[in-house]
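J.: Just passing along the structure, written as structure tokens.
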Amino acid sequence: MNPTLTQMHDHRSIRAYTGEVVPKSELQAAFEAAQCAATSANVQVYSAIHVTDPDLLAKLVVISGGQEKVAQCGTFLVICGDMRRHHLLAQSADCACKENLESFLLCTVDASLFAQNLALAAESLGWGTCFIGGIRNDLAAVGAVLNLPQGVYPFFGLCIGRAAEEPWKRPRLPQQAVLFENEYPSDESLLELMSSYDDDMAGYYEKRGATGRRWIGQMEQFFTTPRRTGDRSFYESQGASLE
């Protein structure tokens with residue numbers, strides 16, 4: 001493998017950190033590389049808020065469900081979809097800036113591509129990373145903590161810092177379960193592939209001391225009830241349209 005592929009294969013989600021802060025020069029270098037991510041029509045509808053205030057970090061720890069790494073990682077960012085700039089341009093030009101489901105999807109895709117680039121860039125510089133979906137536990141509280149204006153949609157957090165652990169590499173679904181040729185596969189073949197993956201994950205969990213834990217059982221539980229049902233109302237209150 002070439003160095004880029006090796007770096008991508010080396011990814012682990014880091015949940016324990018030394019607390020070392022990423023130097024400003026390295027964060028800027030990673031950020032600049034992250035901005036090279038693809039963006040539809042060059043709209044660039046994303047932004048990141050670097051949270052450094054200890055009081056704000058403490059509040060985000062609570063919002064995220066007590067994930068102390070949010071405050072302890074060294075460098076924490078909130079990744080957002082961002083239509084604010086485009087609304088300001090429209091106001092200046094006295095023209096409309098109408099949002100719909102497509103514009104919200106653009107925000108989601110752009111922010112995700114940027115964030116993945118940012119994580120990869122940071123990891124290439126020797127830092128560990130972990131995405132934090134827990135900020136969506138209470139988006140209204142996040143909006144208040146960060147004083148977010150209309151048109152800005154927080155999606156997830158990103159911890160960056162020096163790793164204080166070396167976690168096992170977590171297996172992924174076999175490629176045949178996610179890469180298809182010409183048509184979608186049969187349900188039977190997918191179920192067979194997931195069963196095989198379930199066995200791989202059982203071995204991974206056992207190495208971590210969680211004997212008896214199964215991936216399929218987790219997935220059956222994960223979508224039993226809708227999750228974070230307040231997301232839509234918050235995003236719409238920020239100006240998003242999902243129509």
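Letters for chains follow the order of the structure tokens (A, B, ...), residue numbers begin at 1 for each chain, and ligand numbers begin at 1 in the order shown.
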Which neighbours of Gln72 (chain A) fall inside 8 Å, counting only C-alpha atoms, when residues of the same chain fewer than 5 positions from it are skipped, and could you give them as a list in words?
T.: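 Near Gln72 (chain A), the qualifying residues are Tyr17, Thr18 and Gly19 of chain A.
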J.: Write out as a count of residues only the residues lying within 9 Å of Glu243 (chain A), counting only C-alpha atoms and excluding same-chain residues fewer than 6 positions away.
T.: 4
J.: Leaving out His87 (chain A) and any residue of its chain fewer than 3 positions from it, which residues lie within 8 Å of it when counting only C-alpha atoms, given as a list in words?
T.: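 Counting only C-alpha atoms, the residues come to Met83, Arg84, Ala90, Gln91, Cys97 and Gly151 of chain A.
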J.: What gap, in Å, lies between CA of Ala141 (chain A) and CA of Ile63 (chain A)?
T.: 7.4 Å
J.: Do a neighbour search on region 179-196 of chain A at 12 Å with only C-alpha atoms, toss out local chain neighbours closer than 6 positions, and write the hits as number ranges by chain.
T.: A: 171-173, 202-203, 214-217, 219
J.: What parts of region 15-218 of chain A does DSSP call strand (DSSP E)? I'd like the answer as a list of chain:residue names.
T.: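 Reading the DSSP output for region 15-218 of chain A, strand (DSSP E) covers A:Tyr46, A:Ser47, A:Ala48, A:Ile49, A:His50, A:Val51, A:Thr75, A:Phe76, A:Leu77, A:Val78, A:Ile79, A:Cys80, A:Gly81, A:Asp82, A:Gly128, A:Thr129, A:Cys130, A:Phe131, A:Ile132, A:Val152, A:Tyr153, A:Pro154, A:Phe155, A:Phe156, A:Gly157, A:Leu158, A:Cys159, A:Ile160, A:Gly161.
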J.: Using DSSP assignments from the backbone, pull out every residue in region 41-206 of chain A that falls under helix (DSSP H, G or I) and give it to me as a PyMOL selection string.
T.: chain A and resi 41-42+54-63+69-72+84-93+101-124+133-145+175-177+187-206
J.: Could you build a table of the residues in region 94-168 of chain A lying no more than 8 Å from region 25-32 of chain A, giving for each the nearest pair of atoms and their separation in Å rounded to one decimal place, using only C-alpha atoms, ordered by chain and ascending residue number, as a tab-separated table?
T.:
residue	atom	partner	partner_atom	distance
A:Leu118	CA	A:Ala30	CA	5.8
A:Ala121	CA	A:Ala30	CA	5.0
A:Ala122	CA	A:Ala30	CA	5.7
A:Leu125	CA	A:Glu26	CA	7.7
J.: Please list as a list in words every residue within 9 Å of Met8 (chain A), counting only C-alpha atoms and excluding residues in the same chain fewer than 3 positions away.
T.: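 Answer for this query is Pro3, Thr4, Leu5, His11, Leu120, Glu123 and Ser124 of chain A.
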J.: Take the residues that were just selected and, keeping C-alpha atoms, output them as a JSON list (two decimals), in the first residue's frame.
T.:
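Saved as out.json:
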[["chain", "number", "residue", "atom", "x", "y", "z"],
["A", 3, "PRO", "CA", 1.45, 5.98, 2.47],
["A", 4, "THR", "CA", -2.04, 7.45, 2.00],
["A", 5, "LEU", "CA", -3.73, 4.05, 2.04],
["A", 11, "HIS", "CA", -7.52, 4.99, 11.60],
["A", 120, "LEU", "CA", -7.32, 12.32, 7.97],
["A", 123, "GLU", "CA", -4.03, 11.79, 11.83],
["A", 124, "SER", "CA", -1.31, 12.16, 9.18]]
J.: Taking a cut-off of 12 Å and counting only C-alpha atoms, can you build a table that, for each residue of region 92-150 of chain A near region 48-56 of chain A, reports the nearest atom pair and how far apart they are in Å (one decimal), sorted by chain then residue number, as JSON lines?
T.:
{"residue": "A:Asp110", "atom": "CA", "partner": "A:Ala48", "partner_atom": "CA", "distance": 11.8}
{"residue": "A:Ala111", "atom": "CA", "partner": "A:Ala48", "partner_atom": "CA", "distance": 8.7}
{"residue": "A:Ser112", "atom": "CA", "partner": "A:Ala48", "partner_atom": "CA", "distance": 11.2}
{"residue": "A:Phe114", "atom": "CA", "partner": "A:Ala48", "partner_atom": "CA", "distance": 9.5}
{"residue": "A:Ala115", "atom": "CA", "partner": "A:Ala48", "partner_atom": "CA", "distance": 8.8}
{"residue": "A:Leu118", "atom": "CA", "partner": "A:Ala48", "partner_atom": "CA", "distance": 10.4}
{"residue": "A:Ala141", "atom": "CA", "partner": "A:Leu56", "partner_atom": "CA", "distance": 11.0}
{"residue": "A:Val142", "atom": "CA", "partner": "A:Leu56", "partner_atom": "CA", "distance": 9.5}
{"residue": "A:Gly143", "atom": "CA", "partner": "A:Leu56", "partner_atom": "CA", "distance": 11.6}
{"residue": "A:Ala144", "atom": "CA", "partner": "A:Leu56", "partner_atom": "CA", "distance": 10.3}
{"residue": "A:Val145", "atom": "CA", "partner": "A:Leu56", "partner_atom": "CA", "distance": 6.5}
{"residue": "A:Leu146", "atom": "CA", "partner": "A:Leu56", "partner_atom": "CA", "distance": 7.9}
{"residue": "A:Asn147", "atom": "CA", "partner": "A:Ile49", "partner_atom": "CA", "distance": 10.8}
{"residue": "A:Leu148", "atom": "CA", "partner": "A:Ile49", "partner_atom": "CA", "distance": 10.0}
J.: So that I have them on file, write out the residues from the current selection with N, CA and C atoms, as a PDB file, in the first residue's frame.
T.:
ATOM      1  N   ASP A 110     -21.262  18.464   2.293  1.00  0.00           N
ATOM      2  CA  ASP A 110     -20.064  19.303   2.330  1.00  0.00           C
ATOM      3  C   ASP A 110     -19.369  19.228   3.690  1.00  0.00           C
ATOM      4  N   ALA A 111     -20.151  19.337   4.763  1.00  0.00           N
ATOM      5  CA  ALA A 111     -19.574  19.305   6.102  1.00  0.00           C
ATOM      6  C   ALA A 111     -18.919  17.961   6.392  1.00  0.00           C
ATOM      7  N   SER A 112     -19.538  16.876   5.928  1.00  0.00           N
ATOM      8  CA  SER A 112     -19.000  15.545   6.175  1.00  0.00           C
ATOM      9  C   SER A 112     -17.706  15.310   5.401  1.00  0.00           C
ATOM     10  N   PHE A 114     -15.621  17.618   4.333  1.00  0.00           N
ATOM     11  CA  PHE A 114     -14.617  18.471   4.960  1.00  0.00           C
ATOM     12  C   PHE A 114     -14.093  17.834   6.242  1.00  0.00           C
ATOM     13  N   ALA A 115     -15.009  17.343   7.089  1.00  0.00           N
ATOM     14  CA  ALA A 115     -14.617  16.795   8.384  1.00  0.00           C
ATOM     15  C   ALA A 115     -13.775  15.535   8.234  1.00  0.00           C
ATOM     16  N   LEU A 118     -10.412  16.588   7.325  1.00  0.00           N
ATOM     17  CA  LEU A 118      -9.745  17.187   8.485  1.00  0.00           C
ATOM     18  C   LEU A 118      -9.206  16.111   9.420  1.00  0.00           C
ATOM     19  N   ALA A 141     -29.469  23.446  22.957  1.00  0.00           N
ATOM     20  CA  ALA A 141     -28.468  23.832  23.947  1.00  0.00           C
ATOM     21  C   ALA A 141     -27.140  24.150  23.280  1.00  0.00           C
ATOM     22  N   VAL A 142     -26.764  23.370  22.267  1.00  0.00           N
ATOM     23  CA  VAL A 142     -25.531  23.650  21.523  1.00  0.00           C
ATOM     24  C   VAL A 142     -25.622  25.018  20.859  1.00  0.00           C
ATOM     25  N   GLY A 143     -26.782  25.299  20.246  1.00  0.00           N
ATOM     26  CA  GLY A 143     -26.969  26.603  19.605  1.00  0.00           C
ATOM     27  C   GLY A 143     -26.818  27.748  20.582  1.00  0.00           C
ATOM     28  N   ALA A 144     -27.336  27.563  21.798  1.00  0.00           N
ATOM     29  CA  ALA A 144     -27.236  28.607  22.814  1.00  0.00           C
ATOM     30  C   ALA A 144     -25.804  28.755  23.321  1.00  0.00           C
ATOM     31  N   VAL A 145     -25.140  27.625  23.557  1.00  0.00           N
ATOM     32  CA  VAL A 145     -23.763  27.659  24.062  1.00  0.00           C
ATOM     33  C   VAL A 145     -22.833  28.362  23.080  1.00  0.00           C
ATOM     34  N   LEU A 146     -23.011  28.091  21.793  1.00  0.00           N
ATOM     35  CA  LEU A 146     -22.119  28.633  20.771  1.00  0.00           C
ATOM     36  C   LEU A 146     -22.661  29.894  20.108  1.00  0.00           C
ATOM     37  N   ASN A 147     -23.823  30.352  20.569  1.00  0.00           N
ATOM     38  CA  ASN A 147     -24.416  31.581  20.031  1.00  0.00           C
ATOM     39  C   ASN A 147     -24.537  31.512  18.503  1.00  0.00           C
ATOM     40  N   LEU A 148     -25.153  30.449  18.020  1.00  0.00           N
ATOM     41  CA  LEU A 148     -25.226  30.225  16.575  1.00  0.00           C
ATOM     42  C   LEU A 148     -26.321  31.064  15.941  1.00  0.00           C
TER      43      LEU A 148
END
J.: Please indicate the distance in Å from CA of His9 (chain A) to CA of Pro167 (chain A), rounded to one decimal place.
T.: 13.5 Å
J.: With distances taken over only C-alpha atoms, which residue among A:Ile160, A:Ala96, A:Ile135, A:Ala71 lies nearest Val22 (chain A)?
T.: A:Ile160
